[in-house]
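Participant: Input structure: coords26.cif, which contains mmCIF, C-alpha atoms.
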```cif
data_work
loop_
_atom_site.label_atom_id
_atom_site.label_comp_id
_atom_site.auth_asym_id
_atom_site.auth_seq_id
_atom_site.Cartn_x
_atom_site.Cartn_y
_atom_site.Cartn_z
CA MET S 1 2.48 -6.79 -35.49
CA SER S 2 1.89 -10.43 -34.62
CA ASN S 3 -1.17 -12.37 -33.56
CA GLY S 4 -0.21 -14.63 -30.66
CA VAL S 5 2.67 -15.06 -28.26
CA PRO S 6 5.88 -13.66 -29.78
CA GLY S 7 8.40 -16.32 -30.73
CA LEU S 8 11.69 -16.82 -28.93
CA ASP S 9 13.39 -14.79 -31.63
CA SER S 10 11.20 -11.83 -30.69
CA VAL S 11 11.78 -11.76 -26.91
CA VAL S 12 14.75 -11.09 -24.65
CA GLU S 13 15.75 -12.03 -21.14
CA LEU S 14 14.17 -9.56 -18.73
CA ALA S 15 15.02 -11.00 -15.31
CA GLU S 16 16.61 -13.95 -13.60
CA VAL S 17 15.70 -15.61 -10.32
CA VAL S 18 18.79 -16.25 -8.22
CA ARG S 19 18.70 -18.62 -5.23
CA SER S 20 21.88 -18.81 -3.13
CA GLY S 21 23.92 -17.69 -6.12
CA PHE S 22 22.30 -20.24 -8.46
CA VAL S 23 20.20 -18.99 -11.38
CA GLU S 24 17.04 -21.00 -10.82
CA SER S 25 14.74 -19.43 -13.43
CA ARG S 26 14.75 -16.81 -16.16
CA HIS S 27 11.93 -14.58 -17.36
CA PHE S 28 11.81 -13.59 -21.03
CA GLY S 29 9.55 -11.06 -22.68
CA LEU S 30 9.15 -7.59 -24.12
CA ALA S 31 9.80 -4.18 -22.56
CA VAL S 32 9.51 -0.65 -23.90
CA ALA S 33 10.04 2.89 -22.65
CA LEU S 34 8.70 5.88 -24.58
CA SER S 35 9.46 9.58 -24.44
CA PRO S 36 6.55 12.06 -24.09
CA ASP S 37 6.44 12.44 -27.88
CA GLY S 38 6.04 8.67 -28.29
CA SER S 39 9.52 7.92 -29.58
CA ARG S 40 11.34 4.96 -28.09
CA VAL S 41 13.84 5.58 -25.30
CA PHE S 42 14.45 1.85 -24.86
CA ALA S 43 13.10 -1.33 -26.40
CA ALA S 44 13.78 -4.97 -25.60
CA GLY S 45 12.30 -7.45 -28.01
CA ALA S 46 9.63 -6.93 -30.67
CA VAL S 47 7.67 -4.28 -28.76
CA ASP S 48 5.26 -3.78 -31.65
CA ALA S 49 4.03 -7.34 -31.08
CA VAL S 50 0.38 -7.64 -30.07
CA VAL S 51 -0.28 -8.60 -26.45
CA LEU S 52 -3.41 -9.04 -24.37
CA PRO S 53 -3.15 -6.31 -21.73
CA ARG S 54 -5.56 -7.94 -19.27
CA SER S 55 -6.27 -5.64 -16.30
CA THR S 56 -3.61 -3.18 -17.41
CA ALA S 57 -6.29 -1.98 -19.84
CA LYS S 58 -8.64 -0.93 -17.03
CA PRO S 59 -7.64 2.76 -17.02
CA LEU S 60 -8.33 2.83 -20.77
CA GLN S 61 -11.67 1.10 -20.26
CA ALA S 62 -12.50 3.63 -17.55
CA VAL S 63 -11.93 6.42 -20.06
CA GLY S 64 -14.31 4.65 -22.41
CA SER S 65 -16.96 4.40 -19.70
CA PHE S 66 -16.63 8.15 -19.10
CA VAL S 67 -17.05 8.88 -22.80
CA ALA S 68 -20.00 6.48 -23.01
CA GLY S 69 -21.85 8.49 -20.37
CA ALA S 70 -20.87 7.25 -16.91
CA VAL S 71 -20.86 10.09 -14.39
CA LEU S 72 -17.96 9.17 -12.13
CA GLU S 73 -16.60 10.97 -9.10
CA ASP S 74 -12.86 10.67 -8.46
CA GLU S 75 -13.18 7.67 -6.14
CA GLU S 76 -15.43 5.92 -8.62
CA ALA S 77 -13.06 6.61 -11.52
CA ALA S 78 -10.17 5.22 -9.48
CA ILE S 79 -11.89 1.93 -8.68
CA ALA S 80 -13.13 1.66 -12.28
CA ALA S 81 -9.47 1.88 -13.37
CA GLY S 82 -8.28 -0.54 -10.73
CA SER S 83 -8.11 -4.14 -9.57
CA HIS S 84 -9.33 -3.68 -6.03
CA THR S 85 -8.70 -6.16 -3.24
CA GLY S 86 -12.31 -6.57 -2.17
CA THR S 87 -12.34 -4.78 1.17
CA ASP S 88 -15.56 -3.41 2.64
CA ARG S 89 -14.51 0.07 1.49
CA HIS S 90 -14.19 -1.16 -2.08
CA VAL S 91 -17.53 -2.97 -1.94
CA ALA S 92 -19.32 0.06 -0.52
CA LEU S 93 -18.05 2.17 -3.39
CA VAL S 94 -19.16 -0.37 -6.01
CA ASP S 95 -22.58 -0.54 -4.32
CA ARG S 96 -22.79 3.27 -4.53
CA MET S 97 -22.01 3.19 -8.25
CA LEU S 98 -24.64 0.55 -8.89
CA ALA S 99 -27.24 2.43 -6.86
CA ALA S 100 -26.56 5.60 -8.85
CA ALA S 101 -27.53 3.61 -11.95
CA GLY S 102 -30.64 2.22 -10.26
CA LEU S 103 -29.11 -1.25 -10.11
CA ASP S 104 -28.03 -3.74 -7.47
CA ARG S 105 -25.32 -6.39 -7.26
CA ASP S 106 -27.33 -8.81 -9.38
CA ALA S 107 -26.50 -6.65 -12.42
CA LEU S 108 -22.78 -7.43 -12.18
CA GLY S 109 -21.62 -9.80 -14.89
CA CYS S 110 -18.20 -10.60 -13.41
CA PRO S 111 -17.78 -14.04 -11.81
CA PRO S 112 -17.97 -14.53 -8.04
CA ASP S 113 -14.70 -14.43 -6.15
CA ARG S 114 -13.27 -14.07 -2.68
CA PRO S 115 -11.51 -10.81 -1.78
CA GLU S 116 -7.76 -10.66 -2.32
CA ASP S 117 -7.36 -8.72 0.94
CA GLU S 118 -6.42 -11.46 3.41
CA PRO S 119 -8.04 -10.09 6.61
CA THR S 120 -11.30 -9.53 4.72
CA ARG S 121 -11.15 -12.95 3.07
CA PHE S 122 -10.49 -14.77 6.35
CA ARG S 123 -13.25 -12.82 8.09
CA LEU S 124 -15.82 -13.69 5.45
CA ILE S 125 -14.81 -17.35 5.49
CA ALA S 126 -15.21 -17.39 9.29
CA GLU S 127 -18.66 -15.82 8.86
CA GLY S 128 -19.63 -18.47 6.32
CA ILE S 129 -19.86 -15.98 3.47
CA GLY S 130 -18.82 -17.39 0.12
CA PRO S 131 -17.49 -15.79 -3.07
CA SER S 132 -19.51 -13.02 -4.70
CA PRO S 133 -19.18 -10.88 -7.85
CA VAL S 134 -18.93 -7.63 -5.88
CA ARG S 135 -15.76 -8.87 -4.13
CA MET S 136 -14.16 -9.73 -7.47
CA ASN S 137 -11.29 -7.35 -8.30
CA CYS S 138 -12.98 -6.18 -11.53
CA SER S 139 -16.34 -5.19 -10.03
CA GLY S 140 -15.46 -1.48 -10.09
CA LYS S 141 -14.82 -1.62 -13.83
CA HIS S 142 -18.07 -3.50 -14.34
CA ALA S 143 -20.03 -0.99 -12.25
CA ALA S 144 -18.69 1.86 -14.40
CA MET S 145 -19.67 -0.01 -17.58
CA LEU S 146 -23.15 -0.53 -16.16
CA MET S 147 -23.42 3.16 -15.26
CA ALA S 148 -22.51 4.08 -18.85
CA THR S 149 -24.98 1.55 -20.24
CA VAL S 150 -27.87 2.91 -18.19
CA ALA S 151 -26.87 6.50 -18.99
CA GLY S 152 -27.26 5.65 -22.66
CA SER S 153 -30.72 4.14 -22.04
CA ASN S 154 -29.46 0.71 -23.05
CA ASP S 155 -30.32 -2.66 -21.52
CA PRO S 156 -27.82 -3.46 -18.74
CA VAL S 157 -28.30 -7.19 -19.36
CA GLY S 158 -26.20 -6.92 -22.53
CA TYR S 159 -23.47 -4.59 -21.26
CA LEU S 160 -20.70 -7.19 -21.78
CA ASP S 161 -21.61 -7.85 -25.42
CA ALA S 162 -18.70 -6.63 -27.56
CA ASP S 163 -21.25 -5.12 -29.96
CA SER S 164 -23.10 -3.18 -27.26
CA PRO S 165 -22.93 0.62 -27.43
CA VAL S 166 -20.77 0.95 -24.31
CA GLN S 167 -18.25 -1.67 -25.44
CA ARG S 168 -18.02 -0.14 -28.91
CA THR S 169 -17.27 3.22 -27.31
CA ILE S 170 -14.66 1.67 -25.02
CA ALA S 171 -13.01 -0.05 -28.00
CA ALA S 172 -12.89 3.22 -29.94
CA GLU S 173 -11.26 5.02 -27.00
CA ILE S 174 -8.69 2.26 -26.57
CA GLU S 175 -7.80 2.49 -30.25
CA ARG S 176 -7.52 6.29 -29.97
CA LEU S 177 -5.24 6.09 -26.93
CA THR S 178 -3.01 3.29 -28.22
CA GLY S 179 -2.94 4.55 -31.80
CA ALA S 180 -3.60 1.02 -33.02
CA ALA S 181 -6.51 -1.08 -34.22
CA THR S 182 -5.48 -4.74 -34.18
CA GLY S 183 -8.89 -6.30 -34.71
CA ILE S 184 -8.13 -8.81 -31.96
CA VAL S 185 -11.02 -9.08 -29.50
CA THR S 186 -11.36 -11.82 -26.91
CA THR S 187 -12.90 -12.19 -23.45
CA ASP S 188 -11.05 -11.32 -20.27
CA GLY S 189 -11.21 -13.41 -17.10
CA CYS S 190 -13.93 -11.12 -15.72
CA GLY S 191 -16.13 -11.60 -18.78
CA ALA S 192 -15.57 -8.19 -20.36
CA PRO S 193 -14.34 -7.77 -23.93
CA LEU S 194 -10.55 -7.56 -24.17
CA LEU S 195 -8.73 -5.91 -27.07
CA GLY S 196 -5.27 -6.97 -28.19
CA MET S 197 -2.79 -4.14 -28.68
CA PRO S 198 0.90 -3.63 -29.45
CA LEU S 199 2.98 -3.36 -26.30
CA ASP S 200 4.32 0.03 -27.38
CA GLY S 201 0.72 1.12 -27.98
CA LEU S 202 -0.12 0.23 -24.38
CA ALA S 203 2.76 2.41 -23.17
CA ARG S 204 1.68 5.20 -25.53
CA ALA S 205 -1.83 5.12 -24.05
CA PHE S 206 -0.51 5.50 -20.50
CA GLY S 207 1.66 8.44 -21.58
CA ARG S 208 -1.38 10.12 -23.07
CA LEU S 209 -3.38 9.59 -19.88
CA ALA S 210 -0.57 11.06 -17.79
CA THR S 211 -0.38 14.28 -19.81
CA ALA S 212 -3.98 14.78 -20.92
CA PRO S 213 -5.53 18.27 -20.71
CA PRO S 214 -7.34 18.89 -17.41
CA GLY S 215 -11.01 18.04 -17.38
CA THR S 216 -10.86 15.47 -20.18
CA PRO S 217 -11.88 11.86 -19.48
CA ASP S 218 -8.22 10.85 -19.94
CA SER S 219 -7.03 13.36 -17.37
CA ARG S 220 -9.83 12.57 -14.93
CA VAL S 221 -8.90 8.88 -14.85
CA ALA S 222 -5.21 9.63 -14.32
CA ALA S 223 -5.99 12.21 -11.62
CA ALA S 224 -8.29 9.76 -9.83
CA MET S 225 -5.61 7.07 -9.82
CA ARG S 226 -3.14 9.54 -8.31
CA LEU S 227 -5.60 10.76 -5.69
CA TYR S 228 -6.82 7.32 -4.62
CA PRO S 229 -4.13 4.70 -5.23
CA ALA S 230 -5.68 2.45 -2.56
CA LEU S 231 -8.79 2.16 -4.74
CA VAL S 232 -6.70 1.11 -7.73
CA GLY S 233 -5.42 -1.81 -5.65
CA GLY S 234 -5.46 -1.95 -1.88
CA HIS S 235 -3.29 -2.12 1.21
CA GLY S 236 0.11 -3.52 0.22
CA HIS S 237 -0.88 -3.93 -3.44
CA LEU S 238 2.09 -3.23 -5.72
CA ASN S 239 0.21 -0.83 -8.01
CA THR S 240 -0.93 1.11 -4.96
CA GLU S 241 2.56 1.16 -3.47
CA VAL S 242 4.18 2.44 -6.68
CA MET S 243 1.77 5.38 -6.80
CA ARG S 244 2.07 6.03 -3.09
CA LEU S 245 5.87 6.09 -3.17
CA LEU S 246 6.15 7.98 -6.48
CA PRO S 247 3.43 10.66 -6.41
CA GLY S 248 2.29 11.60 -9.89
CA VAL S 249 3.17 8.25 -11.47
CA ILE S 250 0.28 6.10 -12.67
CA ALA S 251 0.74 2.33 -12.62
CA LYS S 252 -1.47 -0.63 -13.47
CA GLY S 253 -0.57 -4.26 -13.76
CA GLY S 254 -2.55 -7.12 -15.20
CA ALA S 255 -2.63 -10.89 -15.32
CA GLU S 256 -0.14 -12.89 -17.35
CA GLY S 257 2.85 -10.66 -16.66
CA VAL S 258 1.71 -7.29 -18.02
CA ILE S 259 2.29 -3.86 -16.51
CA ALA S 260 2.35 -0.23 -17.65
CA MET S 261 3.43 2.95 -15.89
CA ALA S 262 3.70 6.61 -16.82
CA ALA S 263 5.41 9.61 -15.25
CA PRO S 264 3.72 13.01 -14.96
CA ASN S 265 5.83 14.36 -17.84
CA GLY S 266 4.56 11.64 -20.21
CA HIS S 267 7.43 9.17 -20.18
CA ALA S 268 5.71 5.80 -20.29
CA VAL S 269 6.73 2.15 -20.06
CA ALA S 270 5.17 -1.27 -20.58
CA VAL S 271 6.25 -4.87 -19.99
CA LYS S 272 4.99 -8.29 -21.05
CA VAL S 273 6.59 -11.34 -19.43
CA ILE S 274 5.99 -14.20 -21.83
CA ASP S 275 5.64 -16.95 -19.22
CA GLY S 276 2.89 -14.91 -17.55
CA ASN S 277 4.56 -14.69 -14.12
CA PRO S 278 4.14 -11.17 -12.65
CA ARG S 279 6.72 -11.39 -9.86
CA ALA S 280 9.27 -9.21 -11.69
CA THR S 281 6.95 -6.81 -13.49
CA THR S 282 6.95 -3.97 -10.95
CA ALA S 283 10.74 -4.01 -10.66
CA LEU S 284 10.99 -4.06 -14.46
CA GLY S 285 8.61 -1.13 -14.81
CA LEU S 286 10.57 0.93 -12.32
CA ALA S 287 13.84 0.09 -14.07
CA LEU S 288 12.35 1.33 -17.33
CA LEU S 289 11.19 4.58 -15.73
CA GLU S 290 14.72 5.06 -14.48
CA LYS S 291 15.98 4.63 -18.05
CA CYS S 292 13.73 7.55 -18.94
CA GLY S 293 15.56 9.70 -16.38
CA LEU S 294 12.95 9.49 -13.62
CA ASP S 295 14.24 9.31 -10.04
CA VAL S 296 12.59 6.16 -8.67
CA SER S 297 14.78 5.83 -5.58
CA ALA S 298 11.79 6.42 -3.29
CA ALA S 299 10.46 3.07 -4.52
CA ASP S 300 13.71 1.13 -4.13
CA GLU S 301 12.00 -1.29 -1.74
CA LEU S 302 9.81 -2.45 -4.64
CA ARG S 303 12.83 -3.04 -6.88
CA ARG S 304 14.33 -5.62 -4.50
CA VAL S 305 12.27 -8.78 -4.96
CA GLN S 306 13.55 -11.34 -2.49
CA VAL S 307 13.74 -15.09 -3.03
CA LEU S 308 12.94 -16.88 0.23
CA GLY S 309 14.16 -20.14 1.72
CA GLY S 310 12.56 -21.26 4.96
CA GLY S 311 10.97 -17.82 5.22
CA LEU S 312 14.35 -16.05 5.05
CA PRO S 313 15.97 -14.21 2.11
CA VAL S 314 18.36 -16.47 0.20
CA GLY S 315 18.41 -14.64 -3.11
CA GLU S 316 16.64 -12.12 -5.30
CA ILE S 317 15.20 -11.44 -8.72
CA ILE S 318 17.71 -9.58 -10.88
CA VAL S 319 16.44 -7.23 -13.58
CA LYS S 320 18.50 -7.71 -16.75
CA LEU S 321 17.50 -4.63 -18.74
#
```
Just give me the structure as structure tokens.

Facilitator:
Amino acid sequence: MSNGVPGLDSVVELAEVVRSGFVESRHFGLAVALSPDGSRVFAAGAVDAVVLPRSTAKPLQAVGSFVAGAVLEDEEAAIAAGSHTGTDRHVALVDRMLAAAGLDRDALGCPPDRPEDEPTRFRLIAEGIGPSPVRMNCSGKHAAMLMATVAGSNDPVGYLDADSPVQRTIAAEIERLTGAATGIVTTDGCGAPLLGMPLDGLARAFGRLATAPPGTPDSRVAAAMRLYPALVGGHGHLNTEVMRLLPGVIAKGGAEGVIAMAAPNGHAVAVKVIDGNPRATTALGLALLEKCGLDVSAADELRRVQVLGGGLPVGEIIVKL
């Protein structure tokens, strides 16, 4: 396993951007597909290289919050595992989670942001309402961490400290699910600790979530994502659309070109695009699921990523796996 971005000798071409027949750009990176027993069905590049999973780790962090003591209903588990788009529905749910812990929005340690949902964002701007932490896409994860912190009778002020009880529990659960302990810990964009992990370990973790015994924290997170895909993302969000179109599949993308998906039978896939651009990641993930034998035809619309010129299609992104 490596520490840092894999070198060019470790990555392969994953996709090309074609405009009017001209290859304008190419995306290189790593991609892996695993069978339910964890063996590799397909690998492109050095898939044991360590990556930073960014928000793709949220379902694993949600498991850790469960284990650390958070009492989460299905909707709450789904938003804890997700990157929500900041609608009023999402905010109301985060407020409910905070209230259950005896806290308010001031306890959130994530930075202020505007909602990703365009109608909501434009409405708030028109009303003169600026960015706030509760509208930030990670506030559900943070609320779950705060719930776990309070449940353990610990000071919520320090819930983002990597050495706090809740973060140590989350780290232990991530290492259990991925089967790897890299020792790489940094800080994510939202302020929470972020563990590095091998790309194949990330896929392995998703496969374990997808097939976990009923009633376990692993299973409860996966079930919540399946029940409430709109809380994992939002209207039109690619993660949400994958789960809506392919019932039973769990999917979660993250910043810097990372995504992982798993089928109900435990086949699991993960992708890291080295340049950090996410525009091809969903199509790549679906192509990998297809290599595992999964019928993904219901999500064909997500596999065709158009390149626009003057607002009209003039090309597409071609998956090269």

Participant: Tell me which residues the PyMOL selection byres ((chain S and resi 100-114) around 10) grabs here, as a PyMOL selection string.

Facilitator: chain S and resi 70-72+85-86+94-99+115-118+120-122+124-125+129-151+156-160+188-192

Participant: Once you have the residues from the selection above, write them out as an mmCIF file, in the coordinates of the input, restricted to C-alpha atoms.

Facilitator:
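The resulting selection.cif:
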```
data_model
loop_
_atom_site.group_PDB
_atom_site.id
_atom_site.type_symbol
_atom_site.label_atom_id
_atom_site.label_comp_id
_atom_site.auth_asym_id
_atom_site.auth_seq_id
_atom_site.Cartn_x
_atom_site.Cartn_y
_atom_site.Cartn_z
ATOM 1 C CA ALA S 70 -20.870 7.250 -16.910
ATOM 2 C CA VAL S 71 -20.860 10.090 -14.390
ATOM 3 C CA LEU S 72 -17.960 9.170 -12.130
ATOM 4 C CA THR S 85 -8.700 -6.160 -3.240
ATOM 5 C CA GLY S 86 -12.310 -6.570 -2.170
ATOM 6 C CA VAL S 94 -19.160 -0.370 -6.010
ATOM 7 C CA ASP S 95 -22.580 -0.540 -4.320
ATOM 8 C CA ARG S 96 -22.790 3.270 -4.530
ATOM 9 C CA MET S 97 -22.010 3.190 -8.250
ATOM 10 C CA LEU S 98 -24.640 0.550 -8.890
ATOM 11 C CA ALA S 99 -27.240 2.430 -6.860
ATOM 12 C CA PRO S 115 -11.510 -10.810 -1.780
ATOM 13 C CA GLU S 116 -7.760 -10.660 -2.320
ATOM 14 C CA ASP S 117 -7.360 -8.720 0.940
ATOM 15 C CA GLU S 118 -6.420 -11.460 3.410
ATOM 16 C CA THR S 120 -11.300 -9.530 4.720
ATOM 17 C CA ARG S 121 -11.150 -12.950 3.070
ATOM 18 C CA PHE S 122 -10.490 -14.770 6.350
ATOM 19 C CA LEU S 124 -15.820 -13.690 5.450
ATOM 20 C CA ILE S 125 -14.810 -17.350 5.490
ATOM 21 C CA ILE S 129 -19.860 -15.980 3.470
ATOM 22 C CA GLY S 130 -18.820 -17.390 0.120
ATOM 23 C CA PRO S 131 -17.490 -15.790 -3.070
ATOM 24 C CA SER S 132 -19.510 -13.020 -4.700
ATOM 25 C CA PRO S 133 -19.180 -10.880 -7.850
ATOM 26 C CA VAL S 134 -18.930 -7.630 -5.880
ATOM 27 C CA ARG S 135 -15.760 -8.870 -4.130
ATOM 28 C CA MET S 136 -14.160 -9.730 -7.470
ATOM 29 C CA ASN S 137 -11.290 -7.350 -8.300
ATOM 30 C CA CYS S 138 -12.980 -6.180 -11.530
ATOM 31 C CA SER S 139 -16.340 -5.190 -10.030
ATOM 32 C CA GLY S 140 -15.460 -1.480 -10.090
ATOM 33 C CA LYS S 141 -14.820 -1.620 -13.830
ATOM 34 C CA HIS S 142 -18.070 -3.500 -14.340
ATOM 35 C CA ALA S 143 -20.030 -0.990 -12.250
ATOM 36 C CA ALA S 144 -18.690 1.860 -14.400
ATOM 37 C CA MET S 145 -19.670 -0.010 -17.580
ATOM 38 C CA LEU S 146 -23.150 -0.530 -16.160
ATOM 39 C CA MET S 147 -23.420 3.160 -15.260
ATOM 40 C CA ALA S 148 -22.510 4.080 -18.850
ATOM 41 C CA THR S 149 -24.980 1.550 -20.240
ATOM 42 C CA VAL S 150 -27.870 2.910 -18.190
ATOM 43 C CA ALA S 151 -26.870 6.500 -18.990
ATOM 44 C CA PRO S 156 -27.820 -3.460 -18.740
ATOM 45 C CA VAL S 157 -28.300 -7.190 -19.360
ATOM 46 C CA GLY S 158 -26.200 -6.920 -22.530
ATOM 47 C CA TYR S 159 -23.470 -4.590 -21.260
ATOM 48 C CA LEU S 160 -20.700 -7.190 -21.780
ATOM 49 C CA ASP S 188 -11.050 -11.320 -20.270
ATOM 50 C CA GLY S 189 -11.210 -13.410 -17.100
ATOM 51 C CA CYS S 190 -13.930 -11.120 -15.720
ATOM 52 C CA GLY S 191 -16.130 -11.600 -18.780
ATOM 53 C CA ALA S 192 -15.570 -8.190 -20.360
#
```

Participant: Name the residues that the PyMOL selection byres ((chain S and resi 316) around 8) pulls out of this structure, and write them as a PyMOL selection string.

Facilitator: chain S and resi 17-19+304-307+313-315+317-318

Participant: Quick one: residues within 8 Å of Val296 in chain S, all atoms listed in the file, excluding same-chain residues fewer than 5 positions away - as a PDB file with C-alpha atoms, in the coordinates of the input?

Facilitator:
```pdb
ATOM      1  CA  LEU S 246       6.150   7.980  -6.480  1.00  0.00           C
ATOM      2  CA  LEU S 286      10.570   0.930 -12.320  1.00  0.00           C
ATOM      3  CA  LEU S 289      11.190   4.580 -15.730  1.00  0.00           C
ATOM      4  CA  GLU S 290      14.720   5.060 -14.480  1.00  0.00           C
TER       5      GLU S 290
END
```

Participant: Do you have the CA of Ile250 in chain S-CA of Asp161 in chain S distance handy?

Facilitator: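 We find that CA of Ile250 in chain S and CA of Asp161 in chain S lie 28.9 Å from each other.
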
Participant: Report as a ChimeraX atom specification all protein, DNA and RNA residues lying within 9 Å of Arg208 in chain S, evaluated on only C-alpha atoms, omitting residues in the same chain fewer than 5 positions from it.

Facilitator: /S:36,177-178,203,218-219,262,266,268

Participant: Keeping only C-alpha atoms, write the selected residues as a tab-separated table (two decimals), in the coordinates of the input.

Facilitator:
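Just written: part22.tsv:
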```tsv
chain	number	residue	atom	x	y	z
S	36	PRO	CA	6.55	12.06	-24.09
S	177	LEU	CA	-5.24	6.09	-26.93
S	178	THR	CA	-3.01	3.29	-28.22
S	203	ALA	CA	2.76	2.41	-23.17
S	218	ASP	CA	-8.22	10.85	-19.94
S	219	SER	CA	-7.03	13.36	-17.37
S	262	ALA	CA	3.70	6.61	-16.82
S	266	GLY	CA	4.56	11.64	-20.21
S	268	ALA	CA	5.71	5.80	-20.29
```

Participant: Would you mind reading off the distance between CA of Lys252 in chain S and CA of Ser10 in chain S, one decimal, in Å?

Facilitator: 24.1 Å

Participant: Report as a short mmCIF file (atom, residue, chain, number, x, y, z; two decimals) with C-alpha atoms, in the frame of the given file the residues that result from applying the PyMOL selection byres ((chain S and resi 173) around 10) to the structure here.

Facilitator:
```
data_model
loop_
_atom_site.label_atom_id
_atom_site.label_comp_id
_atom_site.auth_asym_id
_atom_site.auth_seq_id
_atom_site.Cartn_x
_atom_site.Cartn_y
_atom_site.Cartn_z
CA LEU S 60 -8.33 2.83 -20.77
CA GLN S 61 -11.67 1.10 -20.26
CA ALA S 62 -12.50 3.63 -17.55
CA VAL S 63 -11.93 6.42 -20.06
CA GLY S 64 -14.31 4.65 -22.41
CA SER S 65 -16.96 4.40 -19.70
CA VAL S 67 -17.05 8.88 -22.80
CA ALA S 68 -20.00 6.48 -23.01
CA GLN S 167 -18.25 -1.67 -25.44
CA ARG S 168 -18.02 -0.14 -28.91
CA THR S 169 -17.27 3.22 -27.31
CA ILE S 170 -14.66 1.67 -25.02
CA ALA S 171 -13.01 -0.05 -28.00
CA ALA S 172 -12.89 3.22 -29.94
CA ILE S 174 -8.69 2.26 -26.57
CA GLU S 175 -7.80 2.49 -30.25
CA ARG S 176 -7.52 6.29 -29.97
CA LEU S 177 -5.24 6.09 -26.93
CA THR S 178 -3.01 3.29 -28.22
CA GLY S 179 -2.94 4.55 -31.80
CA ALA S 205 -1.83 5.12 -24.05
CA ASP S 218 -8.22 10.85 -19.94
#
```

Participant: Could you tell me, as a list of chain:residue names, which residues have any atom at most 8 Å from (-3.3, -14.2, -21.4), counting all atoms listed in the file?

Facilitator: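 Residues satisfying the cut-off, written out: S:Leu52, S:Pro53, S:Arg54, S:Ala255, S:Glu256, S:Gly276.
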
Participant: For the residues selected in the previous step, produce a file with C-alpha atoms as a PDB file, in the frame of the given file.

Facilitator:
```
ATOM      1  CA  LEU S  52      -3.410  -9.040 -24.370  1.00  0.00           C
ATOM      2  CA  PRO S  53      -3.150  -6.310 -21.730  1.00  0.00           C
ATOM      3  CA  ARG S  54      -5.560  -7.940 -19.270  1.00  0.00           C
ATOM      4  CA  ALA S 255      -2.630 -10.890 -15.320  1.00  0.00           C
ATOM      5  CA  GLU S 256      -0.140 -12.890 -17.350  1.00  0.00           C
ATOM      6  CA  GLY S 276       2.890 -14.910 -17.550  1.00  0.00           C
TER       7      GLY S 276
END
```

Participant: Tell me, in Å to one decimal, how far CA of Gly45 in chain S is from CA of Glu24 in chain S.

Facilitator: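 According to the coordinates, CA of Gly45 in chain S and CA of Glu24 in chain S are separated by 22.4 Å.
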
Participant: Measuring atom to atom with only C-alpha atoms, identify which of S:Ile184, S:Ala212, S:Val271, S:Ala77 is nearest to Lys58 in chain S.

Facilitator: S:Ala77

Participant: S:Thr211, S:Thr182, S:Ser20, S:Thr87: which is nearest Pro198 in chain S, counting all atoms listed in the file?

Facilitator: S:Thr182

Participant: Just checking: using only C-alpha atoms, which residue out of S:Ala80, S:Val319, S:Ala260, S:Leu288 ends up closest to Leu93 in chain S?

Facilitator: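 Checking each of S:Ala80, S:Val319, S:Ala260, S:Leu288 against Leu93 in chain S, counting only C-alpha atoms, the winner is S:Ala80.
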
Participant: Taking all atoms listed in the file into account, name the residue in S:Thr56, S:Gly196, S:Met225, S:Arg123 that is nearest to Gly253 in chain S.

Facilitator: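 Closest to Gly253 in chain S of all the choices is S:Thr56.
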
Participant: Restricting the calculation to all atoms listed in the file, which member of S:Ser83, S:Asn154, S:Thr240, S:Ser35 is positioned closest to Gly69 in chain S?

Facilitator: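 Of all the options, S:Asn154 lies closest to Gly69 in chain S.
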